[in-house]
Each structure stands twice: as C-alpha cells, then as structure tokens.
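K.L.:
work.pdb is the file, holding PDB, C-alpha atoms and all ligand atoms:
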ATOM      1  CA  MET A  27      -0.617 128.217-167.224  1.00  0.00           C
ATOM      2  CA  THR A  28      -1.552 124.560-167.474  1.00  0.00           C
ATOM      3  CA  LEU A  29       0.416 122.395-165.131  1.00  0.00           C
ATOM      4  CA  PRO A  30       1.167 118.832-166.133  1.00  0.00           C
ATOM      5  CA  VAL A  31      -0.566 116.260-163.968  1.00  0.00           C
ATOM      6  CA  ALA A  32       1.528 113.958-161.820  1.00  0.00           C
ATOM      7  CA  ARG A  33      -0.784 110.996-161.325  1.00  0.00           C
ATOM      8  CA  THR A  34       1.049 109.608-158.306  1.00  0.00           C
ATOM      9  CA  ARG A  35       4.102 110.257-156.161  1.00  0.00           C
ATOM     10  CA  ASP A  36       5.929 107.341-157.845  1.00  0.00           C
ATOM     11  CA  GLU A  37       5.389 109.043-161.196  1.00  0.00           C
ATOM     12  CA  ALA A  38       6.505 112.466-159.964  1.00  0.00           C
ATOM     13  CA  LEU A  39       9.677 111.018-158.426  1.00  0.00           C
ATOM     14  CA  LEU A  40      10.500 109.068-161.584  1.00  0.00           C
ATOM     15  CA  TYR A  41      10.033 112.228-163.657  1.00  0.00           C
ATOM     16  CA  LEU A  42      12.394 114.088-161.332  1.00  0.00           C
ATOM     17  CA  ASP A  43      14.924 111.262-161.711  1.00  0.00           C
ATOM     18  CA  LEU A  44      14.712 111.688-165.483  1.00  0.00           C
ATOM     19  CA  THR A  45      15.091 115.464-165.250  1.00  0.00           C
ATOM     20  CA  PRO A  46      18.580 116.518-164.190  1.00  0.00           C
ATOM     21  CA  CYS A  47      19.585 119.880-162.734  1.00  0.00           C
ATOM     22  CA  ALA A  48      21.254 122.357-165.134  1.00  0.00           C
ATOM     23  CA  CYS A  49      24.596 120.993-163.829  1.00  0.00           C
ATOM     24  CA  GLY A  50      23.625 117.488-164.991  1.00  0.00           C
ATOM     25  CA  SER A  51      23.083 115.953-161.563  1.00  0.00           C
ATOM     26  CA  VAL A  52      19.887 114.204-160.469  1.00  0.00           C
ATOM     27  CA  GLU A  53      20.981 114.067-156.822  1.00  0.00           C
ATOM     28  CA  THR A  54      18.384 116.233-155.135  1.00  0.00           C
ATOM     29  CA  PRO A  55      16.655 115.317-151.881  1.00  0.00           C
ATOM     30  CA  TRP A  56      13.072 116.335-152.651  1.00  0.00           C
ATOM     31  CA  GLU A  57      10.475 117.632-150.245  1.00  0.00           C
ATOM     32  CA  SER A  58       6.919 117.843-151.422  1.00  0.00           C
ATOM     33  CA  GLY A  59       3.859 119.693-150.308  1.00  0.00           C
ATOM     34  CA  VAL A  60       0.439 120.681-151.567  1.00  0.00           C
ATOM     35  CA  VAL A  61       0.230 124.262-152.835  1.00  0.00           C
ATOM     36  CA  GLY A  62      -2.453 126.416-154.432  1.00  0.00           C
ATOM     37  CA  VAL A  63      -1.709 127.638-157.953  1.00  0.00           C
ATOM     38  CA  ALA A  64      -4.290 129.859-159.641  1.00  0.00           C
ATOM     39  CA  GLU A  65      -6.973 128.543-157.275  1.00  0.00           C
ATOM     40  CA  GLN A  66      -6.079 125.009-158.201  1.00  0.00           C
ATOM     41  CA  LEU A  67      -4.460 122.492-155.888  1.00  0.00           C
ATOM     42  CA  ALA A  68      -1.054 121.321-156.972  1.00  0.00           C
ATOM     43  CA  VAL A  69       1.937 119.464-155.556  1.00  0.00           C
ATOM     44  CA  ALA A  70       5.280 121.215-155.385  1.00  0.00           C
ATOM     45  CA  TYR A  71       8.568 119.300-155.170  1.00  0.00           C
ATOM     46  CA  ALA A  72      11.454 121.425-153.994  1.00  0.00           C
ATOM     47  CA  GLY A  73      15.029 120.707-153.087  1.00  0.00           C
ATOM     48  CA  THR A  74      18.647 121.776-153.330  1.00  0.00           C
ATOM     49  CA  CYS A  75      20.895 120.077-155.855  1.00  0.00           C
ATOM     50  CA  ALA A  76      23.401 117.979-153.894  1.00  0.00           C
ATOM     51  CA  ASP A  77      26.126 118.686-156.452  1.00  0.00           C
ATOM     52  CA  CYS A  78      25.900 122.391-157.312  1.00  0.00           C
ATOM     53  CA  GLY A  79      23.629 123.767-154.595  1.00  0.00           C
ATOM     54  CA  ALA A  80      21.064 125.214-156.986  1.00  0.00           C
ATOM     55  CA  GLY A  81      17.504 125.486-155.714  1.00  0.00           C
ATOM     56  CA  ARG A  82      15.112 123.404-157.793  1.00  0.00           C
ATOM     57  CA  GLU A  83      11.325 123.364-157.846  1.00  0.00           C
ATOM     58  CA  TYR A  84       8.715 121.557-159.916  1.00  0.00           C
ATOM     59  CA  VAL A  85       4.974 121.975-159.603  1.00  0.00           C
ATOM     60  CA  PHE A  86       2.478 119.402-160.820  1.00  0.00           C
ATOM     61  CA  ALA A  87      -1.297 119.442-160.951  1.00  0.00           C
ATOM     62  CA  LEU A  88      -3.155 116.846-158.932  1.00  0.00           C
ATOM     63  CA  PRO A  89      -5.041 114.263-160.984  1.00  0.00           C
ATOM     64  CA  GLU A  90      -8.801 114.609-161.263  1.00  0.00           C
ATOM     65  CA  ARG A  91      -9.218 111.210-159.695  1.00  0.00           C
ATOM     66  CA  GLU A  92      -6.634 109.975-157.285  1.00  0.00           C
ATOM     67  CA  THR A  93      -4.985 106.637-157.959  1.00  0.00           C
ATOM     68  CA  ALA A  94      -4.700 104.507-154.851  1.00  0.00           C
ATOM     69  CA  PRO A  95      -1.227 102.959-154.696  1.00  0.00           C
ATOM     70  CA  LYS A  96      -1.440  99.223-155.393  1.00  0.00           C
ATOM     71  CA  GLY A  97       1.987  98.025-154.427  1.00  0.00           C
ATOM     72  CA  TRP A  98       5.175  99.460-155.834  1.00  0.00           C
ATOM     73  CA  PRO A  99       5.392 101.066-158.248  1.00  0.00           C
ATOM     74  CA  THR A 100       2.029 102.723-158.935  1.00  0.00           C
ATOM     75  CA  PHE A 101       2.531 105.301-161.637  1.00  0.00           C
ATOM     76  CA  GLY A 102      -1.101 106.117-162.286  1.00  0.00           C
ATOM     77  CA  GLY A 103      -4.552 105.059-163.353  1.00  0.00           C
ATOM     78  CA  PRO A 104      -5.538 103.890-166.841  1.00  0.00           C
ATOM     79  CA  GLU A 105      -4.933 107.319-168.385  1.00  0.00           C
ATOM     80  CA  PRO A 106      -1.563 107.911-170.080  1.00  0.00           C
ATOM     81  CA  SER A 107       1.164 109.982-168.477  1.00  0.00           C
ATOM     82  CA  GLN A 108       1.451 113.722-169.102  1.00  0.00           C
ATOM     83  CA  LEU A 109       4.956 113.856-167.658  1.00  0.00           C
ATOM     84  CA  ILE A 110       6.850 110.983-169.207  1.00  0.00           C
ATOM     85  CA  ASP A 111       6.431 110.089-172.872  1.00  0.00           C
ATOM     86  CA  ALA A 112       6.052 106.609-174.350  1.00  0.00           C
ATOM     87  CA  GLY A 113       9.677 106.428-175.505  1.00  0.00           C
ATOM     88  CA  GLU A 114      10.982 107.435-172.100  1.00  0.00           C
ATOM     89  CA  TRP A 115       8.855 104.782-170.410  1.00  0.00           C
ATOM     90  CA  LEU A 116      10.382 102.131-172.648  1.00  0.00           C
ATOM     91  CA  TRP A 117      13.831 103.565-171.934  1.00  0.00           C
ATOM     92  CA  VAL A 118      13.094 103.228-168.202  1.00  0.00           C
ATOM     93  CA  ALA A 119      11.928  99.634-168.730  1.00  0.00           C
ATOM     94  CA  ASP A 120      15.154  98.874-170.624  1.00  0.00           C
ATOM     95  CA  GLN A 121      17.284 100.331-167.830  1.00  0.00           C
ATOM     96  CA  TRP A 122      15.603  98.273-165.135  1.00  0.00           C
ATOM     97  CA  ALA A 123      15.440  95.068-167.123  1.00  0.00           C
ATOM     98  CA  SER A 124      19.073  95.268-168.212  1.00  0.00           C
ATOM     99  CA  SER A 125      20.446  95.576-164.682  1.00  0.00           C
ATOM    100  CA  VAL A 126      18.414  93.151-162.600  1.00  0.00           C
ATOM    101  CA  PRO A 127      20.266  92.631-159.298  1.00  0.00           C
ATOM    102  CA  PRO A 128      21.054  88.995-158.350  1.00  0.00           C
ATOM    103  CA  ASP A 129      19.328  89.391-154.973  1.00  0.00           C
ATOM    104  CA  PRO A 130      15.853  87.823-155.464  1.00  0.00           C
ATOM    105  CA  GLU A 131      13.966  90.604-153.687  1.00  0.00           C
ATOM    106  CA  GLU A 132      15.796  93.440-155.447  1.00  0.00           C
ATOM    107  CA  GLY A 133      15.575  91.552-158.717  1.00  0.00           C
ATOM    108  CA  ALA A 134      11.816  91.245-158.344  1.00  0.00           C
ATOM    109  CA  ARG A 135      11.589  94.988-157.702  1.00  0.00           C
ATOM    110  CA  ALA A 136      13.576  95.800-160.844  1.00  0.00           C
ATOM    111  CA  LEU A 137      11.345  93.548-162.946  1.00  0.00           C
ATOM    112  CA  ALA A 138       8.191  94.992-161.347  1.00  0.00           C
ATOM    113  CA  MET A 139       9.451  98.439-162.308  1.00  0.00           C
ATOM    114  CA  ALA A 140      10.256  97.336-165.868  1.00  0.00           C
ATOM    115  CA  ARG A 141       6.855  95.683-166.264  1.00  0.00           C
ATOM    116  CA  ALA A 142       5.016  98.729-164.877  1.00  0.00           C
ATOM    117  CA  ALA A 143       6.947 100.972-167.278  1.00  0.00           C
ATOM    118  CA  VAL A 144       5.893  98.833-170.271  1.00  0.00           C
ATOM    119  CA  GLU A 145       2.295  99.003-169.027  1.00  0.00           C
ATOM    120  CA  GLU A 146       2.633 102.796-169.098  1.00  0.00           C
ATOM    121  CA  VAL A 147       3.715 102.645-172.765  1.00  0.00           C
ATOM    122  CA  LEU A 148       0.590 100.594-173.550  1.00  0.00           C
ATOM    123  CA  LYS A 149      -1.665 103.212-171.911  1.00  0.00           C
ATOM    124  CA  PHE A 150      -0.908 105.558-174.821  1.00  0.00           C
ATOM    125  CA  VAL A 151      -2.444 103.149-177.336  1.00  0.00           C
ATOM    126  CA  PRO A 152      -6.032 104.088-178.257  1.00  0.00           C
ATOM    127  CA  ASP A 153      -8.636 101.293-178.228  1.00  0.00           C
ATOM    128  CA  GLY A 154      -8.293  99.108-181.270  1.00  0.00           C
ATOM    129  CA  ALA A 155      -4.977 100.592-182.435  1.00  0.00           C
ATOM    130  CA  ASP A 156      -2.021  98.282-182.982  1.00  0.00           C
ATOM    131  CA  ARG A 157       0.783 100.694-182.143  1.00  0.00           C
ATOM    132  CA  VAL A 158       1.647 103.689-179.988  1.00  0.00           C
ATOM    133  CA  PRO A 159       0.568 106.897-181.813  1.00  0.00           C
ATOM    134  CA  ASP A 160       3.107 109.575-182.805  1.00  0.00           C
ATOM    135  CA  GLN A 161       1.716 112.128-180.354  1.00  0.00           C
ATOM    136  CA  ALA A 162       2.803 109.876-177.474  1.00  0.00           C
ATOM    137  CA  PHE A 163       6.402 111.000-178.092  1.00  0.00           C
ATOM    138  CA  TRP A 164       7.447 114.528-177.111  1.00  0.00           C
ATOM    139  CA  ALA A 165      10.666 114.269-175.104  1.00  0.00           C
ATOM    140  CA  ASP A 166      14.109 114.196-176.774  1.00  0.00           C
ATOM    141  CA  ARG A 167      15.050 110.924-175.132  1.00  0.00           C
ATOM    142  CA  GLY A 168      11.673 109.385-175.938  1.00  0.00           C
ATOM    143  CA  LEU A 169      11.867 110.419-179.588  1.00  0.00           C
ATOM    144  CA  ARG A 170      15.363 108.941-179.839  1.00  0.00           C
ATOM    145  CA  VAL A 171      14.145 105.589-178.522  1.00  0.00           C
ATOM    146  CA  TYR A 172      11.244 105.679-180.960  1.00  0.00           C
ATOM    147  CA  THR A 173      13.240 106.587-184.079  1.00  0.00           C
ATOM    148  CA  ALA A 174      15.934 104.042-183.223  1.00  0.00           C
ATOM    149  CA  GLU A 175      13.386 101.217-183.490  1.00  0.00           C
ATOM    150  CA  PRO A 176       9.752 102.204-184.120  1.00  0.00           C
ATOM    151  CA  GLY A 177       8.749  98.525-184.326  1.00  0.00           C
ATOM    152  CA  ARG A 178       9.219  98.191-180.563  1.00  0.00           C
ATOM    153  CA  PHE A 179       6.084 100.300-180.113  1.00  0.00           C
ATOM    154  CA  ARG A 180       3.749  97.808-181.737  1.00  0.00           C
ATOM    155  CA  VAL A 181       1.192  96.520-179.220  1.00  0.00           C
ATOM    156  CA  GLU A 182       1.988  92.890-180.028  1.00  0.00           C
ATOM    157  CA  ARG A 183       5.652  93.381-179.179  1.00  0.00           C
ATOM    158  CA  LEU A 184       4.972  95.424-176.058  1.00  0.00           C
ATOM    159  CA  LEU A 185       2.696  92.684-174.701  1.00  0.00           C
ATOM    160  CA  LEU A 186       5.387  90.060-175.310  1.00  0.00           C
ATOM    161  CA  VAL A 187       7.946  92.159-173.468  1.00  0.00           C
ATOM    162  CA  LYS A 188       5.574  92.741-170.569  1.00  0.00           C
ATOM    163  CA  ASP A 189       4.874  89.011-170.251  1.00  0.00           C
ATOM    164  CA  ALA A 190       8.566  88.230-170.418  1.00  0.00           C
ATOM    165  CA  TYR A 191       9.204  90.548-167.447  1.00  0.00           C
ATOM    166  CA  ARG A 192       6.349  88.934-165.559  1.00  0.00           C
ATOM    167  CA  ASP A 193       7.653  85.422-166.153  1.00  0.00           C
ATOM    168  CA  ALA A 194      11.309  86.230-165.560  1.00  0.00           C
TER     169      ALA A 194
HETATM  170 ZN    ZN B 201      23.016 121.029-159.856  1.00  0.00          ZN
END
Output the file's structure in the form of structure tokens.
P.N.:
Amino acid sequence: MTLPVARTRDEALLYLDLTPCACGSVETPWESGVVGVAEQLAVAYAGTCADCGAGREYVFALPERETAPKGWPTFGGPEPSQLIDAGEWLWVADQWASSVPPDPEEGARALAMARAAVEEVLKFVPDGADRVPDQAFWADRGLRVYTAEPGRFRVERLLLVKDAYRDA
C-alpha cells in the first residue's frame, strides 16, 4: 500500500476539509499522531464526525524532506501535492478570494490562503511548460474546475492571478 504524502499539517488539514464524511459533513475535530505503517513512519488523523458520530481516520506518509512552516499557510515544499489536485487548489483559491472578510487582518489571511493555493497549482507545471499538465487533475472537483475553463490553467494566467492576490 502506498500512502499519499501530506507535506505539512496545513496541507493535511485542508485535504480533510475538502473530504467530507459519508454523511456529507466536514465537522470533525481531528487529533493527529505519528504511527508506523509497514515499517514506515506516517501521520494518522482520527476523529469522530460531529454530525453523525462516525469514526473517521486518514493516514498519510511523511514527506522525504520536511518543510519548515514559513508563516501561514505552508502547504509544502517545491514538489506538487499528492493529496489535492491542481483543479481543487484553484477551487480553494476561488473560495478564499471570493469571500474576503472586511476585517483587514482576516482579509489578509484569506488572500494569503488564495495566493498560496495558486502557488500550489503552479507547482504542477514542469520546467518550461506553459500550462498545467493533464495528469495534475485526478479529483472529481478538480476535473470539473479544469473542464469548465481549461484556459485558467495557463501559467501566464495563473501568475497574473497570484500577483493580483498579492497586490489586493
Ligand atoms: Zn458524518
């Protein structure tokens, strides 16, 4: 069994937010701990769904090299995500950028999140390529975002969006 790598805690928690319980709820207070799986160290997130009471558990591999958190959010190093696909990252960016709270501090956090999510989309682009490759999309939600407007995944456009969130 190959476990997907969660590069950082921020990434694991975002993935869990994007992954509802069978009842549809994402309200689960998570506890995490390091576990051994097939002689490999991994991180387990476990909790009880606040809405239906189901026990939930997700296990992620630790990254080969740890990424030191540099402010919030830190989703990972330069390597692309194994948990969240390129379309989902852009979906996350859209969510945060479309509901920026009026409070300056909270607003800055929302834009930091949106900008970091766009940076994650760009990590899927191989050197010299001008768009996100097809294999960067594997989740239903991500594929929907991609097919709705593939042009949004051109590097040129992603960089413009990222700058716009920085300057906002
Ligand atoms: Zn539930």
K.L.:
Name the residues, using the chain letters and numbers of the file, that sit within 9 Å of (24.4, 123.5, -158.5) when counting all atoms listed in the file, and give them as a PyMOL selection string.
P.N.:
chain A and resi 47-51+74-81
K.L.:
For A:Leu40, find every residue with an atom within 9 Å (counting only C-alpha atoms), except residues of its own chain fewer than 4 positions away, and show them as number ranges by chain.
P.N.:
A: 35-36, 44-45, 101, 110
K.L.:
Which residues match the PyMOL selection byres (((chain A and resi 91) around 12) and not hetatm) in the file above, as a PyMOL selection string?
P.N.:
chain A and resi 31-34+87-90+92-94+102-105
K.L.:
Taking the file as I've supplied it (selection: the PyMOL selection byres (((chain A and resi 66) around 12) and not hetatm)), which residues are included? Please answer as a ChimeraX atom specification.
P.N.:
/A:27-29,31,60-65,67-69,85-90
K.L.:
Grab the residues selected above and save them as an mmCIF file, keeping the file's coordinate frame with C-alpha atoms.
P.N.:
data_model
loop_
_atom_site.group_PDB
_atom_site.id
_atom_site.type_symbol
_atom_site.label_atom_id
_atom_site.label_comp_id
_atom_site.auth_asym_id
_atom_site.auth_seq_id
_atom_site.Cartn_x
_atom_site.Cartn_y
_atom_site.Cartn_z
ATOM 1 C CA MET A 27 -0.617 128.217 -167.224
ATOM 2 C CA THR A 28 -1.552 124.560 -167.474
ATOM 3 C CA LEU A 29 0.416 122.395 -165.131
ATOM 4 C CA VAL A 31 -0.566 116.260 -163.968
ATOM 5 C CA VAL A 60 0.439 120.681 -151.567
ATOM 6 C CA VAL A 61 0.230 124.262 -152.835
ATOM 7 C CA GLY A 62 -2.453 126.416 -154.432
ATOM 8 C CA VAL A 63 -1.709 127.638 -157.953
ATOM 9 C CA ALA A 64 -4.290 129.859 -159.641
ATOM 10 C CA GLU A 65 -6.973 128.543 -157.275
ATOM 11 C CA LEU A 67 -4.460 122.492 -155.888
ATOM 12 C CA ALA A 68 -1.054 121.321 -156.972
ATOM 13 C CA VAL A 69 1.937 119.464 -155.556
ATOM 14 C CA VAL A 85 4.974 121.975 -159.603
ATOM 15 C CA PHE A 86 2.478 119.402 -160.820
ATOM 16 C CA ALA A 87 -1.297 119.442 -160.951
ATOM 17 C CA LEU A 88 -3.155 116.846 -158.932
ATOM 18 C CA PRO A 89 -5.041 114.263 -160.984
ATOM 19 C CA GLU A 90 -8.801 114.609 -161.263
#
K.L.:
For stretch 162-178 of chain A, list every protein, DNA or RNA residue within 8 Å, evaluated using only C-alpha atoms, and leave out those in the same chain fewer than 3 positions away; present the list as number ranges by chain.
P.N.:
A: 110-117, 150, 158-159, 183-184
K.L.:
Can you give me, as a ChimeraX atom specification, the residues this file yields under the PyMOL selection byres (((chain A and resi 142) around 8) and not hetatm)?
P.N.:
/A:99-101,119,138-141,143-146
K.L.:
Which one is closest to ligand ZN 201 (chain B): A:Lys149, A:Lys188, A:Arg82, A:Lys96? Count all atoms listed in the file.
P.N.:
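Using all atoms listed in the file, ligand ZN 201 (chain B) sits closest to A:Arg82.
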K.L.:
Could you tell me, as a list in words, which residues have any atom at most 6 Å from (-2.0, 98.8, -182.1), counting all atoms listed in the file?
P.N.:
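With a cut-off of 6 Å, the residues come to Ala155, Asp156, Arg157, Arg180 and Val181 of chain A.
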K.L.:
List the neighbours of A:Gly133 out to 12 Å using all atoms listed in the file; skip same-chain residues closer than 4 positions along the sequence, and give me the result as a list of chain:residue names.
P.N.:
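Non-adjacent residues within range: A:Trp122, A:Ala123, A:Ser124, A:Ser125, A:Val126, A:Pro127, A:Pro128, A:Asp129, A:Leu137, A:Ala138, A:Met139, A:Ala140, A:Tyr191, A:Arg192, A:Ala194.
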K.L.:
Between A:Tyr41, A:Ser58, A:Pro30, A:Glu53, which is the closest to ligand ZN 201 (chain B) once you count all atoms listed in the file?
P.N.:
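Once distances to ligand ZN 201 (chain B) are computed over all atoms listed in the file, the minimum belongs to A:Glu53.
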K.L.:
Report, in Å to a single decimal, how far apart atom CA of A:Pro106 and atom CA of A:Glu182 are.
P.N.:
18.4 Å
K.L.:
Could you write out as AutoDock Vina command-line options the box around stretch 149-166 of chain A (axis-aligned, all atoms listed in the file, 3 Å on each side), with centre and edge lengths in Å to one decimal?
P.N.:
--center_x 2.7 --center_y 106.4 --center_z -177.4 --size_x 28.7 --size_y 22.2 --size_z 17.1
K.L.:
Measuring between only C-alpha atoms and all ligand atoms, which one of A:Pro130, A:Gly59, A:Gly73, A:Pro95 shows the shortest distance to ligand ZN 201 (chain B)?
P.N.:
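For ligand ZN 201 (chain B), the nearest of the given residues is A:Gly73.
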K.L.:
Under the rule that all atoms listed in the file are counted, which of A:Pro55, A:Arg135, A:Trp98, A:Glu37 is the nearest residue to ligand ZN 201 (chain B)?
P.N.:
A:Pro55
K.L.:
Kindly give the distance, in Å, that separates atom CA of A:Asp160 and atom CA of A:Val147, rounded to a single decimal.
P.N.:
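About the pair atom CA of A:Asp160 and atom CA of A:Val147: they are 12.2 Å apart.
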K.L.:
Could you tell me how far atom CA of A:Leu185 lies from atom CA of A:Gln108, in Å and to one decimal?
P.N.:
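Between these atoms lies a distance of 21.8 Å.
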K.L.:
Which residue is closest to ligand ZN 201 (chain B)? Choose from A:Val187, A:Val151, A:Ala136, A:Val52 and count all atoms listed in the file.
P.N.:
A:Val52
K.L.:
Extract stretch 145-162 of chain A from the coordinates I pasted, and write it as a short mmCIF file (atom, residue, chain, number, x, y, z; two decimals), in the first residue's frame (atoms kept: N, CA, C and O atoms).
P.N.:
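Wrote it out as part-v4.cif, contents follow:
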data_model
loop_
_atom_site.label_atom_id
_atom_site.label_comp_id
_atom_site.auth_asym_id
_atom_site.auth_seq_id
_atom_site.Cartn_x
_atom_site.Cartn_y
_atom_site.Cartn_z
N GLU A 145 -0.15 29.25 -5.89
CA GLU A 145 1.24 28.77 -5.97
C GLU A 145 1.29 27.25 -6.05
O GLU A 145 2.12 26.68 -6.75
N GLU A 146 0.38 26.60 -5.34
CA GLU A 146 0.33 25.12 -5.39
C GLU A 146 -0.05 24.64 -6.79
O GLU A 146 0.45 23.63 -7.26
N VAL A 147 -0.95 25.35 -7.46
CA VAL A 147 -1.31 24.97 -8.84
C VAL A 147 -0.06 25.05 -9.72
O VAL A 147 0.23 24.15 -10.51
N LEU A 148 0.72 26.11 -9.55
CA LEU A 148 1.91 26.33 -10.38
C LEU A 148 2.97 25.24 -10.15
O LEU A 148 3.77 24.96 -11.05
N LYS A 149 2.98 24.63 -8.97
CA LYS A 149 3.99 23.60 -8.69
C LYS A 149 3.82 22.36 -9.57
O LYS A 149 4.73 21.56 -9.70
N PHE A 150 2.63 22.20 -10.17
CA PHE A 150 2.41 21.05 -11.05
C PHE A 150 3.01 21.26 -12.44
O PHE A 150 3.09 20.34 -13.23
N VAL A 151 3.37 22.50 -12.76
CA VAL A 151 3.84 22.80 -14.11
C VAL A 151 5.31 22.41 -14.25
O VAL A 151 6.15 22.90 -13.50
N PRO A 152 5.63 21.51 -15.19
CA PRO A 152 7.04 21.14 -15.38
C PRO A 152 7.83 22.35 -15.92
O PRO A 152 7.25 23.24 -16.55
N ASP A 153 9.15 22.34 -15.68
CA ASP A 153 10.01 23.43 -16.17
C ASP A 153 9.78 23.65 -17.66
O ASP A 153 9.79 22.71 -18.44
N GLY A 154 9.59 24.88 -18.03
CA GLY A 154 9.49 25.21 -19.44
C GLY A 154 8.10 25.04 -20.04
O GLY A 154 7.84 25.49 -21.15
N ALA A 155 7.20 24.38 -19.33
CA ALA A 155 5.84 24.18 -19.86
C ALA A 155 5.03 25.46 -19.66
O ALA A 155 5.35 26.28 -18.80
N ASP A 156 3.98 25.64 -20.47
CA ASP A 156 3.21 26.88 -20.34
C ASP A 156 1.82 26.64 -19.75
O ASP A 156 1.01 27.54 -19.67
N ARG A 157 1.56 25.39 -19.36
CA ARG A 157 0.26 25.12 -18.73
C ARG A 157 0.38 23.91 -17.79
O ARG A 157 1.36 23.16 -17.85
N VAL A 158 -0.63 23.77 -16.96
CA VAL A 158 -0.67 22.63 -16.03
C VAL A 158 -0.97 21.36 -16.83
O VAL A 158 -1.91 21.35 -17.62
N PRO A 159 -0.18 20.29 -16.67
CA PRO A 159 -0.41 19.07 -17.46
C PRO A 159 -1.65 18.31 -17.00
O PRO A 159 -2.09 18.43 -15.86
N ASP A 160 -2.21 17.52 -17.91
CA ASP A 160 -3.45 16.77 -17.64
C ASP A 160 -3.35 15.88 -16.39
O ASP A 160 -4.33 15.71 -15.67
N GLN A 161 -2.17 15.31 -16.16
CA GLN A 161 -2.06 14.36 -15.04
C GLN A 161 -2.13 15.06 -13.68
O GLN A 161 -2.14 14.40 -12.64
N ALA A 162 -2.17 16.40 -13.68
CA ALA A 162 -2.30 17.13 -12.43
C ALA A 162 -3.75 17.19 -11.94
O ALA A 162 -4.04 17.79 -10.91
#
